[in-house]
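Peer 1: This one is work01.txt, compact mmCIF, C-alpha atoms.
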```
# COMPACT_ATOMS: atom_id res chain seq x y z
CA MET A 183 0.00 0.00 0.00
CA THR A 184 1.41 3.36 -0.94
CA THR A 185 1.32 6.35 1.36
CA LYS A 186 -1.35 7.94 -0.86
CA ASP A 187 -3.46 4.77 -0.65
CA ALA A 188 -3.06 4.69 3.15
CA GLN A 189 -4.06 8.33 3.38
CA ASN A 190 -7.28 7.71 1.49
CA ALA A 191 -8.07 4.18 2.65
CA GLN A 192 -11.22 3.45 4.55
CA LEU A 193 -10.88 0.00 6.03
CA ASP A 194 -13.61 -2.55 6.23
CA ALA A 195 -13.61 -3.44 9.93
CA SER A 196 -14.08 -7.14 9.18
CA THR A 197 -10.96 -7.10 7.00
CA ALA A 198 -8.88 -5.11 9.48
CA ASN A 199 -10.04 -7.24 12.40
CA PRO A 200 -11.74 -10.47 11.26
CA TYR A 201 -12.29 -11.50 14.89
CA ALA A 202 -14.36 -8.44 15.81
CA GLY A 203 -17.69 -9.36 17.30
CA LYS A 204 -16.63 -12.84 18.42
CA PRO A 205 -17.03 -13.71 22.12
CA LEU A 206 -14.28 -12.38 24.39
CA GLU A 207 -12.66 -10.34 21.60
CA PRO A 208 -11.81 -6.73 22.46
CA THR A 209 -14.12 -4.39 20.60
CA GLU A 210 -13.17 -0.94 21.83
CA SER A 211 -10.11 0.78 20.43
CA GLN A 212 -8.04 3.31 22.30
CA VAL A 213 -5.28 5.76 21.58
CA VAL A 214 -3.03 5.30 24.60
CA PHE A 215 -0.51 8.08 23.92
CA THR A 216 0.63 10.54 21.27
CA ALA A 217 3.44 13.07 21.36
CA VAL A 218 5.65 15.28 19.28
CA THR A 219 8.81 15.75 21.31
CA GLU A 220 12.42 16.88 21.17
CA GLU A 221 13.37 14.14 23.64
CA PRO A 222 14.87 10.81 22.53
CA LEU A 223 12.23 8.13 21.97
CA GLU A 224 14.28 5.09 22.99
CA PRO A 225 13.81 5.61 26.76
CA LEU A 226 10.03 5.68 26.25
CA LEU A 227 9.77 2.22 24.69
CA VAL A 228 9.50 0.07 27.84
CA GLU A 229 6.79 2.34 29.26
CA ALA A 230 5.06 2.46 25.86
CA LYS A 231 4.86 -1.33 25.70
CA ALA A 232 3.48 -1.57 29.24
CA ALA A 233 0.88 1.15 28.57
CA THR A 234 -0.25 -0.32 25.26
CA MET A 235 -0.60 -3.96 26.25
CA THR A 236 -3.47 -5.44 28.27
CA ALA A 237 -4.35 -9.01 29.20
CA ALA A 238 -6.67 -9.12 26.16
CA MET A 239 -3.87 -8.23 23.74
CA GLY A 240 -1.97 -11.15 22.22
CA ALA A 241 0.13 -9.16 19.75
CA LEU A 242 2.22 -6.04 19.88
CA VAL A 243 3.72 -4.61 16.69
CA VAL A 244 6.34 -1.88 16.96
CA PHE A 245 7.46 0.31 14.09
CA ASP A 246 10.63 2.19 14.93
CA GLY A 247 11.72 4.63 12.22
CA ILE A 248 15.47 5.06 12.61
CA VAL A 249 17.54 7.91 11.17
CA ARG A 250 19.91 6.41 8.60
CA ASP A 251 23.12 7.69 7.00
CA HIS A 252 21.76 7.79 3.46
CA ASP A 253 18.60 8.70 1.56
CA HIS A 254 17.87 7.40 -1.92
CA GLY A 255 21.47 7.00 -2.95
CA GLN A 256 22.83 10.11 -1.25
CA ALA A 257 24.93 10.15 1.92
CA VAL A 258 23.35 12.08 4.82
CA ARG A 259 25.53 14.00 7.30
CA THR A 260 22.87 15.41 9.64
CA LEU A 261 19.11 15.36 9.95
CA SER A 262 16.53 17.48 11.73
CA TYR A 263 12.74 17.46 11.84
CA SER A 264 10.57 20.57 12.11
CA ALA A 265 6.90 20.50 13.06
CA HIS A 266 3.90 22.72 12.54
CA PRO A 267 2.70 24.14 15.90
CA GLN A 268 -0.37 21.88 15.72
CA ALA A 269 1.50 18.74 14.67
CA ALA A 270 0.66 17.02 17.97
CA ASP A 271 -3.05 17.59 17.30
CA PHE A 272 -2.70 16.14 13.80
CA LEU A 273 -0.89 13.12 15.22
CA ALA A 274 -3.65 12.52 17.78
CA ASP A 275 -6.31 12.88 15.05
CA VAL A 276 -4.56 10.39 12.77
CA LEU A 277 -4.35 7.78 15.51
CA ALA A 278 -7.97 8.42 16.55
CA ALA A 279 -9.09 7.81 12.95
CA VAL A 280 -7.19 4.51 12.77
CA ALA A 281 -8.62 3.46 16.15
CA GLN A 282 -12.12 4.27 14.93
CA GLU A 283 -11.65 2.15 11.80
CA ILE A 284 -10.17 -0.94 13.45
CA PRO A 285 -12.02 -2.47 16.39
CA GLY A 286 -10.13 -3.83 19.37
CA ILE A 287 -6.77 -2.08 19.04
CA ARG A 288 -4.60 0.10 21.26
CA LEU A 289 -2.23 2.63 19.71
CA TRP A 290 0.79 4.60 20.93
CA ALA A 291 2.91 6.95 18.78
CA ALA A 292 5.60 9.58 19.19
CA HIS A 293 7.50 11.61 16.61
CA ARG A 294 10.76 13.27 17.52
CA VAL A 295 11.63 16.74 16.22
CA GLY A 296 14.82 18.79 16.22
CA PRO A 297 18.24 17.38 15.35
CA ILE A 298 18.36 13.60 15.59
CA PRO A 299 21.64 11.69 15.40
CA ILE A 300 22.00 8.91 12.86
CA GLY A 301 20.95 5.62 14.45
CA GLN A 302 18.30 7.11 16.76
CA SER A 303 14.51 6.87 16.50
CA ALA A 304 12.52 9.56 14.70
CA LEU A 305 9.08 7.89 14.77
CA THR A 306 7.86 5.09 17.01
CA VAL A 307 4.42 3.50 16.64
CA LEU A 308 3.02 0.66 18.73
CA ALA A 309 -0.17 -1.21 17.93
CA ALA A 310 -1.61 -3.89 20.19
CA ALA A 311 -4.46 -6.23 19.31
CA ALA A 312 -5.68 -9.66 20.27
CA HIS A 313 -4.23 -11.09 17.04
CA ARG A 314 -1.07 -10.37 15.04
CA GLY A 315 -2.75 -9.61 11.70
CA THR A 316 -4.84 -6.87 13.24
CA ALA A 317 -1.84 -5.43 15.08
CA PHE A 318 0.27 -5.41 11.90
CA THR A 319 -2.52 -3.74 9.92
CA ALA A 320 -3.07 -1.08 12.57
CA CYS A 321 0.63 -0.31 12.99
CA SER A 322 1.28 -0.08 9.26
CA LEU A 323 -1.76 2.09 8.63
CA ALA A 324 -0.90 4.41 11.52
CA ALA A 325 2.73 4.83 10.42
CA ASP A 326 1.75 5.47 6.79
CA ARG A 327 -0.88 8.03 7.73
CA ILE A 328 1.44 9.80 10.18
CA LYS A 329 4.02 10.23 7.41
CA ALA A 330 1.35 11.42 4.94
CA GLN A 331 -0.85 13.62 7.13
CA VAL A 332 1.09 15.02 10.08
CA PRO A 333 2.87 18.32 9.21
CA ILE A 334 6.41 17.36 10.17
CA TRP A 335 9.22 18.01 7.71
CA LYS A 336 12.68 16.52 7.42
CA GLU A 337 15.72 18.68 6.70
CA GLN A 338 18.79 16.69 5.82
CA GLU A 339 22.27 17.92 5.10
CA LEU A 340 24.04 15.67 2.65
CA THR A 341 27.77 14.97 2.77
CA ASP A 342 28.24 17.07 -0.39
CA GLY A 343 27.03 20.10 1.61
CA SER A 344 23.62 20.40 -0.06
CA VAL A 345 20.42 20.55 1.98
CA GLN A 346 17.12 18.85 1.21
CA TRP A 347 13.74 19.45 2.79
CA VAL A 348 11.72 16.27 2.49
CA GLY A 349 8.01 16.90 2.56
CA ILE A 350 8.34 20.59 1.66
CA ASP A 351 10.34 21.04 -1.54
CA THR A 352 11.18 17.48 -2.52
CA PRO A 353 8.72 14.76 -3.47
CA ALA A 354 8.09 12.02 -0.96
CA ARG A 355 9.75 8.78 -2.04
```
Please rewrite the model in this file as structure tokens.
Peer 2:
Amino acid sequence: MTTKDAQNAQLDASTANPYAGKPLEPTESQVVFTAVTEEPLEPLLVEAKAATMTAAMGALVVFDGIVRDHDHGQAVRTLSYSAHPQAADFLADVLAAVAQEIPGIRLWAAHRVGPIPIGQSALTVLAAAAHRGTAFTACSLAADRIKAQVPIWKEQELTDGSVQWVGIDTPAR
């Protein structure tokens, strides 16, 4: 699924969670936590897992977007993310929409802004569900929609000294 498809997709609840409506299956979805922060995300992961999981959840899928040293064939020296002042609201809205579409999930997401060293997390998304397929679907959909709909832009300085703004003046790849 492309980012554009994810942005426009309206899931059929029975496809996203084929177990919905069966006895003992969780039916309510919840956004556990959202944040846009300048703080490192790695220290939050243990707490995020504990907050997202319940006794009814049998699967936890974690997407951890890590800053890498290259982008589409070009070497990256440094990277920084900038956010619109309402980016945190957009992030919460995106997760709420995914939670509304997929029954029985719990979501947690944080996006880091400011300078981020290569090798550290820029975006972390957790999705818990009773079953792995539902958790994978929810996590993937949430991550794709965050990248497509939340106004956060990546500035990267390449090793040749040039600067690229991804999401502002360069096409998303």
Peer 1: In terms of the shortest atom-to-atom distance over all atoms listed in the file, which of A:Ser303, A:Gln282, A:Ser344, A:Gln256 is closest to Glu220 in chain A?
Peer 2: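 Counting all atoms listed in the file, the residue closest to Glu220 in chain A is A:Ser303.
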Peer 1: Which of these residues is nearest to Tyr201 in chain A, using all atoms listed in the file: A:Ile284, A:Ala310, A:Ala330, A:Leu340?
Peer 2: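 When distances to Tyr201 in chain A are compared using all atoms listed in the file, the smallest one comes from A:Ile284.
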Peer 1: Tell me, as a PDB file with C-alpha atoms, in the frame of the given file, which residues lie within 10 Å of Ala325 in chain A, counting only C-alpha atoms; anything in the same chain fewer than 6 positions away does not count.
Peer 2:
```
ATOM      1  CA  THR A 185       1.320   6.350   1.360  1.00  0.00           C
ATOM      2  CA  ALA A 188      -3.060   4.690   3.150  1.00  0.00           C
ATOM      3  CA  PHE A 245       7.460   0.310  14.090  1.00  0.00           C
ATOM      4  CA  ASP A 246      10.630   2.190  14.930  1.00  0.00           C
ATOM      5  CA  GLY A 247      11.720   4.630  12.220  1.00  0.00           C
ATOM      6  CA  VAL A 276      -4.560  10.390  12.770  1.00  0.00           C
ATOM      7  CA  LEU A 277      -4.350   7.780  15.510  1.00  0.00           C
ATOM      8  CA  ALA A 291       2.910   6.950  18.780  1.00  0.00           C
ATOM      9  CA  LEU A 305       9.080   7.890  14.770  1.00  0.00           C
ATOM     10  CA  THR A 306       7.860   5.090  17.010  1.00  0.00           C
ATOM     11  CA  VAL A 307       4.420   3.500  16.640  1.00  0.00           C
ATOM     12  CA  LEU A 308       3.020   0.660  18.730  1.00  0.00           C
TER      13      LEU A 308
END
```
Peer 1: Tell me, as a list in words, which residues lie within 12 Å of Ala232 in chain A, counting only C-alpha atoms; anything in the same chain fewer than 2 positions away does not count.
Peer 2: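 After dropping sequence-adjacent residues, the list is Val214, Phe215, Leu226, Leu227, Val228, Glu229, Ala230, Thr234, Met235, Thr236, Ala237, Met239, Leu242, Arg288, Leu289, Trp290, Leu308, Ala309 and Ala310 of chain A.
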Peer 1: Figure out the distance between CA of Ile334 in chain A and CA of Pro267 in chain A, please, to one decimal in Å.
Peer 2: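 The value is 9.6 Å.
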Peer 1: Let me make sure I understand: among A:Glu283, A:Glu210, A:Asp253, A:Asp271, which one has the smallest atom-to-atom distance to Lys336 in chain A if we use only C-alpha atoms?
Peer 2: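 Of the candidates, the smallest distance to Lys336 in chain A is held by A:Asp253.
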Peer 1: Quick check, in Å to one decimal: how far apart do CA of Thr260 in chain A and CA of Pro299 in chain A lie?
Peer 2: 7.0 Å
Peer 1: One number please: CA of Ala292 in chain A to CA of Leu223 in chain A, in Å, one decimal.
Peer 2: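 Atom-to-atom, CA of Ala292 in chain A and CA of Leu223 in chain A are spaced 7.3 Å apart.
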Peer 1: Would you mind listing what lies within 12 Å of Glu337 in chain A as a JSON list (two decimals) with C-alpha atoms, in the frame of the given file, with all atoms listed in the file counted and same-chain residues fewer than 5 positions away left out?
Peer 2:
```
[["chain", "number", "residue", "atom", "x", "y", "z"],
["A", 249, "VAL", "CA", 17.54, 7.91, 11.17],
["A", 253, "ASP", "CA", 18.60, 8.70, 1.56],
["A", 258, "VAL", "CA", 23.35, 12.08, 4.82],
["A", 259, "ARG", "CA", 25.53, 14.00, 7.30],
["A", 260, "THR", "CA", 22.87, 15.41, 9.64],
["A", 261, "LEU", "CA", 19.11, 15.36, 9.95],
["A", 262, "SER", "CA", 16.53, 17.48, 11.73],
["A", 263, "TYR", "CA", 12.74, 17.46, 11.84],
["A", 264, "SER", "CA", 10.57, 20.57, 12.11],
["A", 265, "ALA", "CA", 6.90, 20.50, 13.06],
["A", 295, "VAL", "CA", 11.63, 16.74, 16.22],
["A", 296, "GLY", "CA", 14.82, 18.79, 16.22],
["A", 297, "PRO", "CA", 18.24, 17.38, 15.35],
["A", 298, "ILE", "CA", 18.36, 13.60, 15.59],
["A", 344, "SER", "CA", 23.62, 20.40, -0.06],
["A", 345, "VAL", "CA", 20.42, 20.55, 1.98],
["A", 346, "GLN", "CA", 17.12, 18.85, 1.21],
["A", 347, "TRP", "CA", 13.74, 19.45, 2.79],
["A", 348, "VAL", "CA", 11.72, 16.27, 2.49],
["A", 349, "GLY", "CA", 8.01, 16.90, 2.56],
["A", 350, "ILE", "CA", 8.34, 20.59, 1.66],
["A", 351, "ASP", "CA", 10.34, 21.04, -1.54],
["A", 352, "THR", "CA", 11.18, 17.48, -2.52]]
```
Peer 1: I need the residue nearest Lys204 in chain A from this list: A:Gly286, A:Gln302, A:Leu323, A:Glu339. Use only C-alpha atoms for the distance.
Peer 2: A:Gly286
Peer 1: Name all residues at most 12 Å from Pro200 in chain A (count only C-alpha atoms; drop same-chain ones fewer than 6 positions away) and give them as a list in words.
Peer 2: Leu193, Asp194, Glu207, Pro208, Thr209, Ile284, Pro285, Gly286, Ala311, Ala312, His313, Arg314, Gly315, Thr316, Ala317 and Thr319 of chain A
Peer 1: Point out the residue among A:Leu273, A:Ile300, A:Val243, A:Ala238 with the least atom-to-atom distance to Ala320 in chain A, counting all atoms listed in the file.
Peer 2: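 Closest to Ala320 in chain A of all the choices is A:Val243.
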Peer 1: Hey, could you pull the box centre and edge lengths for range 206-209 of chain A, axis-aligned, 3 Å padding per side, all listed atoms, to one decimal in Å, as AutoDock Vina command-line options?
Peer 2:
```
--center_x -13.0 --center_y -8.4 --center_z 22.5 --size_x 8.5 --size_y 14.0 --size_z 9.8
```
